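Asks: The structure under discussion is supplied below as structure tokens; questions concerning it will follow.
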Amino acid sequence: MSEILVLYYSRTGKVAQLARLVARGVEEVAGMHARLRSVPPVAPVTETAQPPEPDAGAPYVTHADLGECSGLVLGSPTRFGNMAAPLKHFVDSTASAWASGTLVGKPAAVFTSTSTMHGGQESTLLSMMLPLLHHGMLIVGVPYTEAALNRTRGGGSPYGASHVAGVDGGNAITEDQRTLARALGRRVAEVARRLGGSA
């Protein structure tokens, strides 16, 4: 069974919810499995290391997860139109995977959540793609053949799945956003399966 790594950072839980929906989409493809992983928070001054496993949620990612995956889906809340520091910190630590070509030719996709409609969803999605391109990955988006992409009023784009959480985080993930997150996971899994020779 091939695995798609769904790697995310979530502070309030909305990105984690999207990650689970992406993972569900991955597992709708025969022979494909989702490996959910998160990253620990970072701080300007570190006094103690994070425990090796979080108290709740997905386990923390290791560099071995990159080598063992058939594809990668990155998720992060938006921080000033860019990915959050904890995810960026992990991505910045992947130079050895870059040097060895670990991720070359594997499919990849991205997803995000913002507090407001104009909180930088598309710039965050696009900026998360940049290191994936440097790794030689094949970017997969959401095509307009997904009817929900034409209906959505609060998240979702051809660049990746997204959600507008609201300033207080109270907005539930809509049915269209759920559909698009699952579609994104499914597309990455389908491409990975085709690249692996199982059409």
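Each chain of the structure tokens is named A, B, ... in the order shown, its residues numbered from 1; ligands are numbered from 1 in display order.
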Which residues come within 9 Å of A:Ser157, counting only C-alpha atoms, excluding same-chain residues fewer than 4 positions away, as a list in words?

Replies: Gln121, Glu122, Gly141, Val142, Pro143, Tyr144, Leu149, Thr152, Ala161, Ser162 and Leu180 of chain A

Asks: Output the selection as a compact mmCIF listing (two decimals), in the first residue's frame - N, CA, C and O atoms for each residue.

Replies:
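Saved result, again.txt, follows:
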# COMPACT_ATOMS: atom_id res chain seq x y z
N GLN A 121 -5.00 33.73 1.48
CA GLN A 121 -5.09 32.31 1.12
C GLN A 121 -4.24 31.97 -0.09
O GLN A 121 -3.42 31.05 -0.05
N GLU A 122 -4.47 32.68 -1.20
CA GLU A 122 -3.77 32.30 -2.43
C GLU A 122 -2.27 32.53 -2.34
O GLU A 122 -1.50 31.70 -2.83
N GLY A 141 -3.24 20.57 -8.33
CA GLY A 141 -4.23 21.52 -7.81
C GLY A 141 -5.62 20.94 -7.88
O GLY A 141 -5.80 19.73 -8.01
N VAL A 142 -6.60 21.82 -7.79
CA VAL A 142 -8.02 21.44 -7.88
C VAL A 142 -8.56 22.01 -9.19
O VAL A 142 -8.66 23.23 -9.33
N PRO A 143 -8.94 21.17 -10.14
CA PRO A 143 -9.43 21.68 -11.42
C PRO A 143 -10.89 22.15 -11.32
O PRO A 143 -11.64 21.73 -10.43
N TYR A 144 -11.29 23.00 -12.26
CA TYR A 144 -12.66 23.50 -12.27
C TYR A 144 -13.66 22.43 -12.69
O TYR A 144 -14.86 22.70 -12.70
N LEU A 149 -15.88 24.01 -6.82
CA LEU A 149 -14.97 25.14 -7.00
C LEU A 149 -15.70 26.35 -7.58
O LEU A 149 -15.35 27.49 -7.32
N THR A 152 -18.26 27.58 -4.31
CA THR A 152 -17.77 27.98 -2.99
C THR A 152 -17.73 29.49 -2.82
O THR A 152 -17.40 30.22 -3.75
N ALA A 161 -6.94 23.44 -1.45
CA ALA A 161 -8.10 23.54 -0.57
C ALA A 161 -7.88 24.64 0.46
O ALA A 161 -6.75 24.90 0.87
N SER A 162 -8.99 25.30 0.87
CA SER A 162 -8.86 26.35 1.87
C SER A 162 -10.17 26.57 2.60
O SER A 162 -11.21 26.07 2.20
N LEU A 180 -13.92 19.93 -1.60
CA LEU A 180 -12.68 20.31 -2.29
C LEU A 180 -11.45 19.74 -1.57
O LEU A 180 -10.48 19.35 -2.23

Asks: Can you pull out the residues contacting A:Arg20? Cut-off 12 Å, using only C-alpha atoms, and skip same-chain residues under 6 positions away; I want them as a ChimeraX atom specification.

Replies: /A:5-8,10,13-14,26-27,34-38,57-58,73,75,111,178,181-182,184-185

Asks: Compile the contact shell of stretch 65-72 of chain A as an NGL selection string: residues with an atom at most 8 Å away, counting only C-alpha atoms, same-chain residues fewer than 3 positions apart removed.

Replies: :A and (2-7 or 61-62 or 97 or 102-103 or 106-109 or 188-189 or 192)

Asks: Nearest to A:His63 among A:Pro77, A:Ala43, A:Val191, A:Trp98, with distances taken over only C-alpha atoms: which residue is it?

Replies: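 Smallest separation from A:His63 among the options: A:Trp98.
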
Asks: Determine the nearest neighbour of A:Gly154 from the options A:Ile173, A:Val22, A:Leu195, A:Ala99, counting only C-alpha atoms.

Replies: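 Distance minimum relative to A:Gly154 lands on A:Ile173.
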
Asks: Pick the closest to A:Ala85 from A:His33, A:Arg153, A:His118, A:Arg11: which is it, counting only C-alpha atoms?

Replies: A:Arg11

Asks: Just list the residues in stretch 65-175 of chain A DSSP gives helix (DSSP H, G or I) on the backbone, as a PyMOL selection string.

Replies: chain A and resi 65-68+85-92+95-100+121-134+147-151+175

Asks: Between A:Asn171, A:Thr94, A:Thr12, A:Gln177, which is the closest to A:Pro131 once you count only C-alpha atoms?

Replies: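 Smallest distance to A:Pro131 is found for A:Thr94.
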
Asks: I'd like the interatomic distance between atom CA of A:Glu190 and atom CA of A:Gly105, to a tenth of an Å.

Replies: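 Taking atom CA of A:Glu190 as the start and atom CA of A:Gly105 as the end point, the length is 14.1 Å.
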
Asks: Between atom CA of A:Ser127 and atom CA of A:Pro158, measure the distance and give it in Å to one decimal.

Replies: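 Here the two named atoms are 14.3 Å from each other.
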
Asks: When you count only C-alpha atoms, which of these residues is closest to A:Pro59: A:Val164, A:Val91, A:Val39, A:Met129?

Replies: A:Val39

Asks: Got a sec to tell me which of stretch 100-153 of chain A DSSP assigns to strand (DSSP E), as a list in words?

Replies: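 DSSP-assigned strand (DSSP E) residues in stretch 100-153 of chain A: Pro107, Ala108, Ala109, Val110, Phe111, Thr112, Ser113, Thr114, Leu138 and Ile139 of chain A.
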
Asks: What does the file look like for those residues with N, CA and C atoms, as a PDB file, in the first residue's frame?

Replies:
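See result00.pdb below for the written result:
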ATOM      1  N   PRO A 107       4.049  13.576  -6.501  1.00  0.00           N
ATOM      2  CA  PRO A 107       3.037  14.633  -6.524  1.00  0.00           C
ATOM      3  C   PRO A 107       2.924  15.333  -5.179  1.00  0.00           C
ATOM      4  N   ALA A 108       2.542  16.612  -5.226  1.00  0.00           N
ATOM      5  CA  ALA A 108       2.393  17.409  -4.011  1.00  0.00           C
ATOM      6  C   ALA A 108       1.237  18.387  -4.171  1.00  0.00           C
ATOM      7  N   ALA A 109       0.660  18.790  -3.052  1.00  0.00           N
ATOM      8  CA  ALA A 109      -0.420  19.768  -3.048  1.00  0.00           C
ATOM      9  C   ALA A 109      -0.392  20.523  -1.726  1.00  0.00           C
ATOM     10  N   VAL A 110      -1.215  21.571  -1.633  1.00  0.00           N
ATOM     11  CA  VAL A 110      -1.205  22.440  -0.455  1.00  0.00           C
ATOM     12  C   VAL A 110      -2.628  22.834  -0.048  1.00  0.00           C
ATOM     13  N   PHE A 111      -2.786  23.179   1.244  1.00  0.00           N
ATOM     14  CA  PHE A 111      -4.077  23.671   1.745  1.00  0.00           C
ATOM     15  C   PHE A 111      -3.843  24.629   2.899  1.00  0.00           C
ATOM     16  N   THR A 112      -4.843  25.507   3.166  1.00  0.00           N
ATOM     17  CA  THR A 112      -4.676  26.536   4.190  1.00  0.00           C
ATOM     18  C   THR A 112      -6.007  26.952   4.788  1.00  0.00           C
ATOM     19  N   SER A 113      -5.935  27.716   5.862  1.00  0.00           N
ATOM     20  CA  SER A 113      -7.098  28.341   6.486  1.00  0.00           C
ATOM     21  C   SER A 113      -6.698  29.749   6.918  1.00  0.00           C
ATOM     22  N   THR A 114      -7.630  30.698   6.726  1.00  0.00           N
ATOM     23  CA  THR A 114      -7.382  32.082   7.127  1.00  0.00           C
ATOM     24  C   THR A 114      -8.518  32.567   8.028  1.00  0.00           C
ATOM     25  N   LEU A 138       5.858  17.365  -8.265  1.00  0.00           N
ATOM     26  CA  LEU A 138       4.875  17.683  -9.298  1.00  0.00           C
ATOM     27  C   LEU A 138       3.634  18.256  -8.610  1.00  0.00           C
ATOM     28  N   ILE A 139       3.346  19.534  -8.840  1.00  0.00           N
ATOM     29  CA  ILE A 139       2.264  20.214  -8.139  1.00  0.00           C
ATOM     30  C   ILE A 139       0.909  19.806  -8.720  1.00  0.00           C
TER      31      ILE A 139
END

Asks: Do you have the atom CA of A:Val15-atom CA of A:Thr124 distance handy?

Replies: 13.1 Å

Asks: Which residues, written as a list of chain:residue names, have at least one atom at most 10 Å from A:Ser123, with only C-alpha atoms counted and residues fewer than 6 positions away on the same chain left out?

Replies: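 Within the cut-off, the hits are A:Thr78, A:Phe80, A:Gly81, A:Asn82, A:Met83, A:Met129, A:Tyr159.
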
Asks: Between A:Ser76, A:Thr179, A:Ala23, A:Thr174, which one has atoms that come closest to A:Gly120, using only C-alpha atoms?

Replies: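 Among A:Ser76, A:Thr179, A:Ala23, A:Thr174, it is A:Ser76 that comes nearest to A:Gly120.
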